[in-house]
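Pasted below: my_file36.txt, compact mmCIF, C-alpha atoms.
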```txt
# COMPACT_ATOMS: atom_id res chain seq x y z
CA MET A 7 -9.50 -28.41 7.22
CA SER A 8 -9.28 -25.57 9.77
CA TYR A 9 -9.97 -22.00 8.67
CA ILE A 10 -7.51 -20.56 6.12
CA PRO A 11 -7.57 -16.73 6.02
CA TYR A 12 -6.71 -14.82 2.84
CA GLY A 13 -3.71 -13.28 4.62
CA LYS A 14 -2.05 -13.10 8.03
CA GLN A 15 1.15 -12.22 9.82
CA LEU A 16 4.01 -14.60 10.54
CA ILE A 17 5.53 -13.94 13.97
CA ASP A 18 8.48 -16.04 15.17
CA GLU A 19 10.65 -16.15 18.29
CA ASP A 20 13.03 -13.48 16.98
CA ASP A 21 10.08 -11.09 16.63
CA ILE A 22 8.77 -11.89 20.11
CA CYS A 23 12.20 -11.48 21.73
CA ALA A 24 12.74 -8.14 19.97
CA VAL A 25 9.42 -6.78 21.23
CA ILE A 26 10.06 -8.03 24.78
CA LYS A 27 13.51 -6.41 24.75
CA ALA A 28 11.97 -3.11 23.63
CA LEU A 29 9.25 -3.45 26.28
CA LYS A 30 11.95 -3.76 28.96
CA SER A 31 13.93 -0.79 27.65
CA ASP A 32 13.64 2.87 28.65
CA PHE A 33 11.58 3.66 25.54
CA ILE A 34 8.29 2.07 24.58
CA THR A 35 6.89 4.93 22.50
CA THR A 36 8.91 7.02 20.03
CA GLY A 37 12.57 6.16 20.71
CA PRO A 38 15.70 4.66 19.11
CA LYS A 39 13.91 1.70 17.52
CA VAL A 40 11.78 4.07 15.42
CA ALA A 41 14.89 5.71 13.99
CA GLU A 42 16.54 2.31 13.41
CA PHE A 43 13.47 0.98 11.62
CA GLU A 44 13.27 4.10 9.45
CA LYS A 45 16.94 3.82 8.46
CA THR A 46 16.58 0.11 7.64
CA LEU A 47 13.38 0.64 5.65
CA ALA A 48 14.81 3.54 3.64
CA LYS A 49 17.82 1.42 2.66
CA GLU A 50 15.57 -1.52 1.73
CA VAL A 51 13.39 0.53 -0.64
CA GLY A 52 16.17 2.67 -2.10
CA ALA A 53 15.19 6.02 -0.56
CA LYS A 54 17.20 8.56 1.44
CA HIS A 55 14.62 9.13 4.15
CA ALA A 56 11.75 7.30 5.86
CA VAL A 57 9.16 8.58 8.32
CA ALA A 58 7.33 5.82 10.19
CA VAL A 59 3.77 6.52 11.32
CA SER A 60 0.79 4.84 12.96
CA SER A 61 -0.79 3.41 9.77
CA GLY A 62 -0.69 3.39 5.99
CA THR A 63 -3.63 5.80 6.04
CA ALA A 64 -1.65 8.23 8.21
CA ALA A 65 1.23 7.89 5.74
CA LEU A 66 -1.07 8.82 2.85
CA HIS A 67 -2.48 11.77 4.79
CA ILE A 68 0.83 13.40 5.68
CA ALA A 69 2.20 12.67 2.19
CA ALA A 70 -0.75 14.55 0.68
CA LEU A 71 -0.34 17.39 3.18
CA SER A 72 3.38 17.67 2.50
CA LEU A 73 2.65 18.21 -1.20
CA LYS A 74 0.06 20.89 -0.31
CA PHE A 75 -3.05 19.32 -1.87
CA ALA A 76 -5.78 21.92 -1.43
CA VAL A 77 -9.28 23.00 -2.45
CA GLY A 78 -9.46 23.36 -6.23
CA ASP A 79 -6.79 20.71 -6.89
CA GLU A 80 -7.49 17.40 -8.64
CA VAL A 81 -5.51 14.24 -7.91
CA ILE A 82 -5.75 11.17 -10.13
CA THR A 83 -5.77 7.69 -8.62
CA SER A 84 -7.07 4.16 -9.20
CA PRO A 85 -10.59 3.13 -8.17
CA LEU A 86 -9.48 -0.47 -7.49
CA THR A 87 -7.90 0.16 -4.11
CA PHE A 88 -8.68 0.59 -0.44
CA ALA A 89 -10.60 3.80 0.25
CA ALA A 90 -7.61 5.47 1.96
CA SER A 91 -5.83 5.97 -1.38
CA ALA A 92 -8.55 8.45 -2.34
CA ASN A 93 -9.62 9.61 1.13
CA CYS A 94 -6.25 11.28 1.68
CA ILE A 95 -7.11 13.59 -1.23
CA LEU A 96 -10.45 14.52 0.36
CA TYR A 97 -8.77 15.10 3.74
CA CYS A 98 -6.91 18.01 2.12
CA GLY A 99 -9.97 19.46 0.39
CA ALA A 100 -8.88 18.34 -3.08
CA LYS A 101 -10.90 16.24 -5.53
CA PRO A 102 -10.14 12.58 -6.36
CA VAL A 103 -10.27 11.80 -10.08
CA PHE A 104 -10.44 8.12 -10.94
CA ALA A 105 -8.61 6.67 -13.94
CA ASP A 106 -9.61 3.19 -15.08
CA ILE A 107 -7.44 0.10 -14.77
CA GLU A 108 -5.80 -2.14 -17.34
CA PRO A 109 -7.80 -5.37 -17.66
CA LYS A 110 -4.90 -7.82 -17.41
CA SER A 111 -2.58 -6.26 -14.84
CA MET A 112 -5.39 -4.53 -12.88
CA LEU A 113 -3.03 -1.54 -12.52
CA ILE A 114 -3.96 2.06 -13.31
CA ASP A 115 -4.30 2.73 -17.05
CA ILE A 116 -1.76 5.38 -18.04
CA GLU A 117 -3.66 6.22 -21.22
CA ASP A 118 -6.75 6.98 -19.14
CA ILE A 119 -4.63 9.11 -16.80
CA LYS A 120 -3.63 11.18 -19.82
CA ARG A 121 -7.28 11.67 -20.72
CA LYS A 122 -8.12 12.81 -17.19
CA ILE A 123 -5.35 15.41 -16.76
CA THR A 124 -6.65 18.99 -16.62
CA SER A 125 -5.26 22.38 -15.63
CA LYS A 126 -6.38 21.55 -12.06
CA THR A 127 -4.43 18.27 -11.82
CA LYS A 128 -1.90 18.47 -9.00
CA ALA A 129 -0.69 14.89 -8.62
CA ILE A 130 -1.07 11.18 -9.42
CA ILE A 131 -1.37 8.42 -6.82
CA PRO A 132 -0.68 5.13 -8.67
CA VAL A 133 -1.53 2.00 -6.67
CA HIS A 134 0.74 -1.05 -6.93
CA TYR A 135 -2.29 -3.32 -6.70
CA GLY A 136 -1.70 -6.77 -5.23
CA GLY A 137 2.06 -6.22 -5.29
CA GLU A 138 2.32 -5.80 -9.06
CA LEU A 139 4.18 -2.61 -9.98
CA CYS A 140 2.86 0.27 -12.06
CA ASN A 141 5.01 1.55 -14.94
CA MET A 142 6.83 4.24 -12.96
CA ASP A 143 9.19 5.05 -15.82
CA GLU A 144 6.23 6.16 -17.96
CA LEU A 145 4.47 7.83 -15.03
CA THR A 146 7.63 9.77 -14.19
CA LYS A 147 7.84 11.06 -17.78
CA LEU A 148 4.17 12.03 -17.61
CA SER A 149 4.64 13.84 -14.29
CA GLU A 150 7.57 15.79 -15.69
CA LYS A 151 5.66 16.75 -18.82
CA TYR A 152 2.69 18.15 -16.88
CA ASN A 153 4.58 19.22 -13.72
CA LEU A 154 2.71 16.77 -11.49
CA GLN A 155 3.61 15.28 -8.12
CA ILE A 156 3.58 11.50 -7.57
CA ILE A 157 2.78 9.50 -4.45
CA GLN A 158 3.29 5.79 -5.06
CA ASP A 159 0.79 3.83 -2.99
CA SER A 160 3.17 0.98 -2.22
CA SER A 161 1.03 -0.50 0.56
CA HIS A 162 0.95 -3.84 -1.29
CA SER A 163 4.39 -3.89 -2.86
CA LEU A 164 7.22 -3.94 -0.31
CA GLY A 165 10.21 -5.74 -1.84
CA GLY A 166 9.09 -5.31 -5.44
CA LYS A 167 11.17 -3.71 -8.17
CA ILE A 168 10.42 -1.87 -11.43
CA ASN A 169 12.78 -2.68 -14.30
CA GLY A 170 15.25 -3.70 -11.62
CA LYS A 171 14.95 -0.39 -9.72
CA ASN A 172 13.74 0.05 -6.17
CA GLN A 173 10.49 1.97 -5.77
CA GLY A 174 12.23 4.56 -3.62
CA GLU A 175 14.60 5.48 -6.43
CA TYR A 176 11.81 7.22 -8.35
CA PRO A 177 10.94 10.89 -7.82
CA GLY A 178 8.12 11.78 -5.45
CA LEU A 179 6.93 9.95 -2.35
CA GLN A 180 6.19 6.33 -1.55
CA ILE A 181 3.83 5.18 1.18
CA TRP A 182 3.94 1.78 2.88
CA SER A 183 1.60 -0.22 5.10
CA PHE A 184 2.55 -2.74 7.78
CA HIS A 185 -0.89 -4.09 8.64
CA PRO A 186 -0.79 -7.80 9.62
CA VAL A 187 -1.94 -9.01 6.18
CA LYS A 188 0.87 -7.10 4.41
CA THR A 189 4.30 -8.52 3.50
CA ILE A 190 5.79 -7.46 6.84
CA THR A 191 3.95 -6.18 9.89
CA THR A 192 4.37 -3.83 12.82
CA GLY A 193 0.86 -4.67 14.07
CA GLU A 194 -0.56 -1.43 12.75
CA GLY A 195 1.81 1.01 11.09
CA GLY A 196 2.95 2.70 7.93
CA ALA A 197 5.68 4.93 6.52
CA VAL A 198 6.48 7.55 3.92
CA THR A 199 9.79 7.46 2.05
CA THR A 200 11.33 10.29 0.06
CA ASN A 201 14.58 11.62 -1.35
CA ASP A 202 13.60 15.25 -0.72
CA GLU A 203 15.19 16.74 2.41
CA ILE A 204 12.66 19.58 2.74
CA ILE A 205 9.67 17.23 2.37
CA TYR A 206 11.29 14.85 4.85
CA LYS A 207 11.50 17.52 7.54
CA LYS A 208 7.90 18.53 6.91
CA LEU A 209 6.76 14.91 7.22
CA LEU A 210 8.54 14.64 10.57
CA ARG A 211 6.65 17.70 11.80
CA LEU A 212 3.29 16.57 10.45
CA ARG A 213 3.69 13.25 12.29
CA THR A 214 3.98 15.08 15.63
CA HIS A 215 1.44 17.92 15.77
CA GLY A 216 3.48 20.09 13.39
CA ILE A 217 6.00 20.62 16.21
CA THR A 218 9.79 20.68 15.94
CA ARG A 219 12.79 21.26 18.23
CA ASP A 220 15.20 21.33 15.26
CA ILE A 221 17.15 24.56 15.80
CA MET A 222 17.58 25.02 12.03
CA GLN A 223 13.79 25.16 11.56
CA LEU A 224 12.91 27.40 14.51
CA GLU A 225 11.69 30.93 13.79
CA HIS A 226 12.98 32.14 17.17
CA LYS A 227 16.37 30.73 18.07
CA ASN A 228 18.44 30.76 21.29
CA GLN A 229 15.35 30.37 23.49
CA GLY A 230 16.74 27.48 25.51
CA ASP A 231 17.01 23.70 25.16
CA TRP A 232 13.42 23.29 26.32
CA TYR A 233 12.05 25.38 23.45
CA TYR A 234 9.93 24.06 20.58
CA GLU A 235 7.68 25.55 17.91
CA MET A 236 4.55 24.44 16.10
CA LEU A 237 5.11 25.31 12.44
CA ASP A 238 2.31 23.28 10.82
CA LEU A 239 -1.11 21.98 11.78
CA GLY A 240 -0.01 18.40 12.28
CA PHE A 241 -1.34 15.24 13.92
CA ASN A 242 -0.41 12.61 16.46
CA TYR A 243 0.54 9.94 13.96
CA ARG A 244 3.51 8.60 15.92
CA ILE A 245 4.47 4.93 15.96
CA THR A 246 5.99 3.14 18.97
CA ASP A 247 9.36 1.55 19.66
CA LEU A 248 7.50 -1.70 20.37
CA GLN A 249 6.09 -1.71 16.84
CA CYS A 250 9.36 -0.72 15.21
CA ALA A 251 11.30 -3.39 17.10
CA LEU A 252 8.95 -5.87 15.44
CA GLY A 253 9.36 -4.11 12.08
CA ILE A 254 13.15 -4.41 12.22
CA THR A 255 13.09 -8.17 12.70
CA GLN A 256 10.33 -8.56 10.12
CA LEU A 257 12.44 -6.71 7.52
CA LYS A 258 15.23 -9.24 8.07
CA LYS A 259 12.84 -11.94 6.83
CA LEU A 260 11.58 -9.99 3.80
CA ALA A 261 13.60 -12.01 1.26
CA TRP A 262 12.28 -15.28 2.70
CA PHE A 263 8.72 -13.94 2.81
CA ALA A 264 9.06 -12.91 -0.84
CA LYS A 265 10.39 -16.33 -1.88
CA LYS A 266 7.55 -18.19 -0.17
CA ARG A 267 4.92 -15.92 -1.71
CA GLU A 268 6.45 -16.39 -5.16
CA GLU A 269 6.36 -20.18 -4.79
CA ILE A 270 2.66 -20.16 -3.85
CA VAL A 271 1.76 -17.78 -6.69
CA LYS A 272 3.55 -20.07 -9.15
CA ARG A 273 1.64 -23.12 -7.90
CA TYR A 274 -1.68 -21.31 -8.16
CA ASN A 275 -0.89 -20.05 -11.66
CA GLU A 276 -0.03 -23.54 -12.90
CA ALA A 277 -3.11 -25.11 -11.27
CA PHE A 278 -5.58 -22.55 -12.60
CA GLU A 279 -4.21 -22.33 -16.14
CA ASN A 280 -7.07 -24.29 -17.72
CA LEU A 281 -9.94 -23.14 -15.50
CA PRO A 282 -12.57 -20.59 -16.63
CA LEU A 283 -10.87 -17.65 -14.95
CA MET A 284 -8.14 -15.06 -15.42
CA ILE A 285 -5.19 -14.41 -13.14
CA GLN A 286 -3.51 -11.06 -12.58
CA GLU A 287 -0.87 -10.55 -15.25
CA SER A 288 2.63 -9.42 -14.32
CA PRO A 289 3.75 -6.65 -16.73
CA LYS A 290 7.23 -6.93 -18.27
CA TRP A 291 8.58 -4.09 -16.08
CA SER A 292 7.22 -5.55 -12.82
CA GLN A 293 9.26 -7.77 -10.48
CA PRO A 294 6.67 -8.14 -7.74
CA VAL A 295 6.41 -9.51 -4.24
CA ARG A 296 2.75 -10.42 -4.40
CA HIS A 297 0.56 -9.32 -1.51
CA LEU A 298 -2.75 -10.56 -2.96
CA TYR A 299 -3.61 -13.47 -5.21
CA THR A 300 -6.68 -12.44 -7.18
CA ILE A 301 -8.63 -14.49 -9.71
CA ARG A 302 -11.33 -13.18 -12.07
CA LEU A 303 -14.12 -15.55 -13.05
CA ASN A 304 -15.10 -15.67 -16.71
CA ASP A 305 -18.73 -15.88 -15.62
CA LYS A 306 -19.40 -13.07 -13.16
CA GLU A 307 -22.83 -14.53 -12.34
CA LYS A 308 -21.02 -17.33 -10.49
CA ARG A 309 -18.93 -15.09 -8.23
CA ARG A 310 -21.24 -14.98 -5.22
CA ASN A 311 -21.95 -18.70 -5.42
CA VAL A 312 -18.23 -19.55 -5.60
CA PHE A 313 -17.47 -17.09 -2.78
CA GLU A 314 -20.04 -18.69 -0.48
CA LYS A 315 -18.98 -22.25 -1.34
CA LEU A 316 -15.33 -21.46 -0.54
CA LEU A 317 -16.32 -19.89 2.77
CA LYS A 318 -18.22 -23.05 3.65
CA LYS A 319 -15.01 -24.96 2.97
CA ASN A 320 -13.24 -22.78 5.58
CA ILE A 321 -11.33 -20.78 2.98
CA GLY A 322 -11.24 -17.08 3.91
CA VAL A 323 -11.82 -15.81 0.40
CA ASN A 324 -12.24 -12.04 0.03
CA VAL A 325 -12.89 -9.35 -2.60
CA HIS A 326 -10.32 -6.59 -3.22
CA TYR A 327 -11.92 -4.11 -3.89
CA ILE A 328 -15.25 -2.41 -4.42
CA PRO A 329 -14.36 0.55 -6.69
CA VAL A 330 -13.93 3.49 -4.33
CA TYR A 331 -16.35 5.81 -6.13
CA LEU A 332 -19.17 3.25 -5.76
CA LEU A 333 -19.04 3.51 -1.96
CA PRO A 334 -22.04 5.44 -0.54
CA TYR A 335 -19.98 8.39 0.72
CA TYR A 336 -18.50 8.95 -2.74
CA ARG A 337 -21.86 8.49 -4.45
CA LYS A 338 -23.18 11.34 -2.29
CA LEU A 339 -20.32 13.48 -3.60
CA GLY A 340 -21.64 12.99 -7.13
CA TYR A 341 -19.56 10.09 -8.46
CA GLU A 342 -21.61 7.83 -10.73
CA ARG A 343 -21.58 4.23 -11.86
CA GLY A 344 -19.96 3.79 -15.27
CA LEU A 345 -17.03 6.07 -14.52
CA CYS A 346 -14.41 3.30 -14.90
CA THR A 347 -16.02 0.39 -16.73
CA THR A 348 -13.04 -1.99 -16.59
CA ALA A 349 -12.71 -1.54 -12.83
CA GLU A 350 -16.43 -2.16 -12.37
CA ASP A 351 -16.38 -5.28 -14.52
CA THR A 352 -13.28 -6.52 -12.70
CA TYR A 353 -14.88 -5.97 -9.31
CA ALA A 354 -17.90 -8.05 -10.38
CA ARG A 355 -15.65 -11.05 -11.15
CA ILE A 356 -12.79 -11.04 -8.64
CA LEU A 357 -11.99 -13.20 -5.63
CA THR A 358 -8.90 -13.05 -3.42
CA LEU A 359 -7.43 -16.41 -2.40
CA PRO A 360 -5.16 -17.16 0.59
CA LEU A 361 -1.55 -16.02 0.19
CA TYR A 362 0.94 -15.77 3.06
CA PRO A 363 4.38 -17.27 3.82
CA ASP A 364 3.42 -20.07 6.20
CA LEU A 365 0.58 -21.38 4.05
CA THR A 366 1.38 -25.11 4.00
CA ASP A 367 1.57 -27.34 0.93
CA GLU A 368 -1.50 -29.17 2.20
CA GLN A 369 -3.43 -25.91 2.50
CA VAL A 370 -2.37 -24.73 -0.96
CA GLU A 371 -3.56 -28.01 -2.48
CA TYR A 372 -6.81 -27.77 -0.53
CA VAL A 373 -7.47 -24.27 -1.92
CA ILE A 374 -6.62 -25.35 -5.46
CA LYS A 375 -8.95 -28.36 -5.29
CA ALA A 376 -11.74 -26.30 -3.75
CA VAL A 377 -11.56 -23.64 -6.47
CA SER A 378 -11.41 -26.33 -9.16
CA ASP A 379 -14.43 -28.12 -7.70
CA CYS A 380 -16.44 -24.90 -7.50
CA LEU A 381 -15.75 -24.09 -11.15
```
Please re-express this file's structure in structure tokens.
Amino acid sequence: MSYIPYGKQLIDEDDICAVIKALKSDFITTGPKVAEFEKTLAKEVGAKHAVAVSSGTAALHIAALSLKFAVGDEVITSPLTFAASANCILYCGAKPVFADIEPKSMLIDIEDIKRKITSKTKAIIPVHYGGELCNMDELTKLSEKYNLQIIQDSSHSLGGKINGKNQGEYPGLQIWSFHPVKTITTGEGGAVTTNDEIIYKKLLRLRTHGITRDIMQLEHKNQGDWYYEMLDLGFNYRITDLQCALGITQLKKLAWFAKKREEIVKRYNEAFENLPLMIQESPKWSQPVRHLYTIRLNDKEKRRNVFEKLLKKNIGVNVHYIPVYLLPYYRKLGYERGLCTTAEDTYARILTLPLYPDLTDEQVEYVIKAVSDCL
């Protein structure tokens, strides 16, 4: 069997033709395809506005900046995530506070969030890990009670719903990632969605050096059509028309991508039911489009051995993730082992198996047999 990665993009002729058409147009950087992609994405996720940027990390950064995270603030997030979910807090000078995860869903534990809220807490960044959805109804109530901001890290969860609602219908911001292993791709790319007009305009500025030509935002008006102003210290986080042309055609296939992923998850779940492992549980409020398929071995001492055996069988198994605060940079900041015991125990047991839309039946059966043999 040839190599099977844990995730990868699916690019078809429609995608290729769309990118070629954009390449031949007058705009290859920020142009009409960016605006079209933003409008399509906002509608898909149930938000009024979308701002497309160069990566999911850039999306997290400008989202944090738009909410004015600053020195002295604390922001609560999950440790079982990619480092960017917490790094965006540090970028602004604020302090990440890690709440533990629930053992079955692997999502942030709301009860532990409550224990970690202090007078310095500014916001919560829940992570929809693997595509499963956090309980945003409860988190919204909590944010209202303590006057906290929310940024949903929806990097894994495009297409998913919470109690039948789109993620963009909830208060706060949502950030999205379009890396090739995600549900849709723009190559590299990300976005922030929001229903707040003021935040939306600030996000647009932050994406482009803090600069605007919008006459309604200018401090000095009637200076001429050439005139612009820098109102914030922003960044060059722009995305290209080439990428967004791809994103538009990818979004058209989202429902099919979701269906294929669901079918593979179902087959895995049925096959692994009687093996010595746990699968990620889908909470009653979560209607996911799964990005990752993660198993947890009952015997954590076997994890490395199983990992290496699967690699030898050409299965691109992975581990998502090392708890963020255990990374050397965070350890130097004073974070210690034992901070989130469930996340640490989960990390010691987990493996990520291949999951992407064009995974063939033969490949799925090969992965199932390989995991069964190893255990």
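Take atom CA of A:Gly174 and atom CA of A:Ile116: the distance between them is 20.1 Å.
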Do you have, as CSV, the list of residues of stretch 214-325 of chain A lying at most 7 Å from stretch 38-50 of chain A, each with its nearest atom pair and that distance in Å to one decimal, counting only C-alpha atoms and ordered by chain then number?
```
residue,atom,partner,partner_atom,distance
A:Thr246,CA,A:Val40,CA,6.9
A:Asp247,CA,A:Lys39,CA,5.0
A:Cys250,CA,A:Val40,CA,5.4
A:Ala251,CA,A:Lys39,CA,5.7
A:Gly253,CA,A:Phe43,CA,6.6
A:Ile254,CA,A:Phe43,CA,5.4
```
With C-alpha atoms retained, could you export that selection as a short mmCIF file (atom, residue, chain, number, x, y, z; two decimals), keeping the file's coordinate frame?
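Saved the output as selection18.cif:
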```
data_model
loop_
_atom_site.label_atom_id
_atom_site.label_comp_id
_atom_site.auth_asym_id
_atom_site.auth_seq_id
_atom_site.Cartn_x
_atom_site.Cartn_y
_atom_site.Cartn_z
CA THR A 246 5.99 3.14 18.97
CA ASP A 247 9.36 1.55 19.66
CA CYS A 250 9.36 -0.72 15.21
CA ALA A 251 11.30 -3.39 17.10
CA GLY A 253 9.36 -4.11 12.08
CA ILE A 254 13.15 -4.41 12.22
#
```
Using only C-alpha atoms, what table do you get, as CSV, when you list each residue of stretch 183-269 of chain A with an atom no more than 8 Å from stretch 151-169 of chain A, its nearest pair of atoms, and their distance in Å rounded to one decimal, rows by chain then rising number?
```
residue,atom,partner,partner_atom,distance
A:Ser183,CA,A:Ser161,CA,4.6
A:Phe184,CA,A:Ser161,CA,7.7
A:Lys188,CA,A:His162,CA,6.6
A:Thr189,CA,A:Leu164,CA,6.6
A:Leu260,CA,A:Gly165,CA,7.2
A:Ala261,CA,A:Gly165,CA,7.8
A:Ala264,CA,A:Gly165,CA,7.3
```
Legend entry - Shortest interatomic distance to A:Thr124 - which of A:Gly196, A:Gly78, A:Pro177, A:Pro109, counting only C-alpha atoms: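 That would be A:Gly78, the residue with the smallest distance to A:Thr124.
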Report as a CSV table (one decimal) with C-alpha atoms, in the frame of the given file all protein, DNA and RNA residues lying within 6 Å of A:Phe104, evaluated on only C-alpha atoms, omitting residues in the same chain fewer than 4 positions from it.
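Result file follows (result.csv):
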```
chain,number,residue,atom,x,y,z
A,82,ILE,CA,-5.8,11.2,-10.1
A,83,THR,CA,-5.8,7.7,-8.6
A,84,SER,CA,-7.1,4.2,-9.2
A,85,PRO,CA,-10.6,3.1,-8.2
```
Legend entry - Distance of atom CA of A:Leu86 from atom CA of A:Leu332, expressed in Å to one decimal place: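 Separating atom CA of A:Leu332 from atom CA of A:Leu86 is a distance of 10.5 Å.
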Legend entry - Residue nearest A:Asn324 among A:Gly230, A:Pro360, A:Gly178, A:Gly136 (counting all atoms listed in the file): A:Pro360
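A straight line drawn from atom CA of A:Ala105 to atom CA of A:Lys122 is 7.0 Å long.
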Legend entry - Distance criterion (all atoms listed in the file): nearest to A:Asp364 out of A:Ile270, A:Ile204, A:Leu113, A:Ile245: A:Ile270
Legend entry - Selected residue, from A:Gly52, A:Gly195, A:Pro363, A:Gly240, that lies nearest to A:Val295 when counting only C-alpha atoms: A:Pro363
Legend entry - A:Ile374, A:Ile190, A:Ile285, A:Ile131 ranked by distance to A:Leu16, top pick (using all atoms listed in the file): A:Ile190
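Close contacts of A:Thr63, defined as residues with an atom at most 12 Å away when counting all atoms listed in the file, with chain neighbours fewer than 4 positions off set aside, comprise Ala58, Val59, His67, Ile68, Ala69, Ala70, Phe88, Ala89, Ala90, Ser91, Ala92, Asn93, Cys94, Ile95, Tyr97, Asp159, Ser160, Ser161, Ile181, Trp182, Ser183, Phe184, His185, Glu194, Gly195, Gly196, Ala197, Val198 and Tyr243 of chain A.
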Legend entry - Contacts of A:Pro11 at 7 Å (only C-alpha atoms; same-chain gap of 2+ positions) as a PyMOL selection string: chain A and resi 9+13-14+321-322+360
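Among A:Lys30, A:Arg309, A:Arg337, A:Lys319, the residue with the shortest atom-to-atom distance to A:Asp351, counting all atoms listed in the file, is A:Arg309.
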Legend entry - Near-A:Leu139 list (7 Å; all atoms listed in the file; drop same-chain fewer than 5 positions) as an MDAnalysis selection string: chainID A and resid 134 168 292 294
Take the point (-8.8, 17.2, -5.6) as written in the file and pick out every residue within 6 Å of it, counting only C-alpha atoms; give the list as a PDB file with C-alpha atoms, in the coordinates of the input.
```
ATOM      1  CA  ASP A  79      -6.790  20.710  -6.890  1.00  0.00           C
ATOM      2  CA  GLU A  80      -7.490  17.400  -8.640  1.00  0.00           C
ATOM      3  CA  VAL A  81      -5.510  14.240  -7.910  1.00  0.00           C
ATOM      4  CA  ILE A  95      -7.110  13.590  -1.230  1.00  0.00           C
ATOM      5  CA  ALA A 100      -8.880  18.340  -3.080  1.00  0.00           C
ATOM      6  CA  LYS A 101     -10.900  16.240  -5.530  1.00  0.00           C
ATOM      7  CA  PRO A 102     -10.140  12.580  -6.360  1.00  0.00           C
TER       8      PRO A 102
END
```
Would you compute the box with edges along x, y and z of the file around stretch 113-126 of chain A, including every atom the file lists for it and 4 Å extra on each side, and give its centre and edge lengths in Å to one decimal, as AutoDock Vina command-line options?
```
--center_x -4.9 --center_y 10.4 --center_z -16.6 --size_x 14.4 --size_y 31.9 --size_z 17.2
```
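The environment of stretch 208-212 of chain A within 7 Å, counting all atoms listed in the file and disregarding residues fewer than 5 places along the same chain, consists of Val57, Ile68, Ser72, Ile217, Thr218, Asp238, Gly240 and Phe241 of chain A.
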As an mmCIF file, keeping the file's coordinate frame, could you write out stretch 77-92 of chain A once it has been completed with N, CA and C atoms?
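File produced: rebuild-v1.cif:
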```
data_model
loop_
_atom_site.group_PDB
_atom_site.id
_atom_site.type_symbol
_atom_site.label_atom_id
_atom_site.label_comp_id
_atom_site.auth_asym_id
_atom_site.auth_seq_id
_atom_site.Cartn_x
_atom_site.Cartn_y
_atom_site.Cartn_z
ATOM 1 N N VAL A 77 -8.014 22.766 -1.752
ATOM 2 C CA VAL A 77 -9.280 23.000 -2.450
ATOM 3 C C VAL A 77 -8.993 23.542 -3.851
ATOM 4 N N GLY A 78 -9.655 22.956 -4.842
ATOM 5 C CA GLY A 78 -9.460 23.360 -6.230
ATOM 6 C C GLY A 78 -8.510 22.450 -6.987
ATOM 7 N N ASP A 79 -7.709 21.651 -6.256
ATOM 8 C CA ASP A 79 -6.790 20.710 -6.890
ATOM 9 C C ASP A 79 -7.514 19.409 -7.245
ATOM 10 N N GLU A 80 -7.036 18.747 -8.270
ATOM 11 C CA GLU A 80 -7.490 17.400 -8.640
ATOM 12 C C GLU A 80 -6.296 16.458 -8.541
ATOM 13 N N VAL A 81 -6.552 15.258 -8.036
ATOM 14 C CA VAL A 81 -5.510 14.240 -7.910
ATOM 15 C C VAL A 81 -6.047 12.943 -8.499
ATOM 16 N N ILE A 82 -5.302 12.366 -9.416
ATOM 17 C CA ILE A 82 -5.750 11.170 -10.130
ATOM 18 C C ILE A 82 -5.249 9.916 -9.417
ATOM 19 N N THR A 83 -6.154 8.965 -9.217
ATOM 20 C CA THR A 83 -5.770 7.690 -8.620
ATOM 21 C C THR A 83 -6.610 6.563 -9.190
ATOM 22 N N SER A 84 -6.344 5.347 -8.740
ATOM 23 C CA SER A 84 -7.070 4.160 -9.200
ATOM 24 C C SER A 84 -8.321 3.946 -8.356
ATOM 25 N N PRO A 85 -9.405 3.464 -8.963
ATOM 26 C CA PRO A 85 -10.590 3.130 -8.170
ATOM 27 C C PRO A 85 -10.484 1.749 -7.512
ATOM 28 N N LEU A 86 -9.585 0.889 -8.022
ATOM 29 C CA LEU A 86 -9.480 -0.470 -7.490
ATOM 30 C C LEU A 86 -8.413 -0.491 -6.403
ATOM 31 N N THR A 87 -8.815 -0.003 -5.230
ATOM 32 C CA THR A 87 -7.900 0.160 -4.110
ATOM 33 C C THR A 87 -8.709 0.317 -2.842
ATOM 34 N N PHE A 88 -8.013 0.291 -1.708
ATOM 35 C CA PHE A 88 -8.680 0.590 -0.440
ATOM 36 C C PHE A 88 -9.016 2.083 -0.418
ATOM 37 N N ALA A 89 -10.079 2.435 0.278
ATOM 38 C CA ALA A 89 -10.600 3.800 0.250
ATOM 39 C C ALA A 89 -9.564 4.853 0.645
ATOM 40 N N ALA A 90 -8.587 4.492 1.477
ATOM 41 C CA ALA A 90 -7.610 5.470 1.960
ATOM 42 C C ALA A 90 -6.812 6.121 0.846
ATOM 43 N N SER A 91 -6.595 5.400 -0.266
ATOM 44 C CA SER A 91 -5.830 5.970 -1.380
ATOM 45 C C SER A 91 -6.487 7.224 -1.921
ATOM 46 N N ALA A 92 -7.816 7.273 -1.877
ATOM 47 C CA ALA A 92 -8.550 8.450 -2.340
ATOM 48 C C ALA A 92 -8.943 9.366 -1.191
#
```
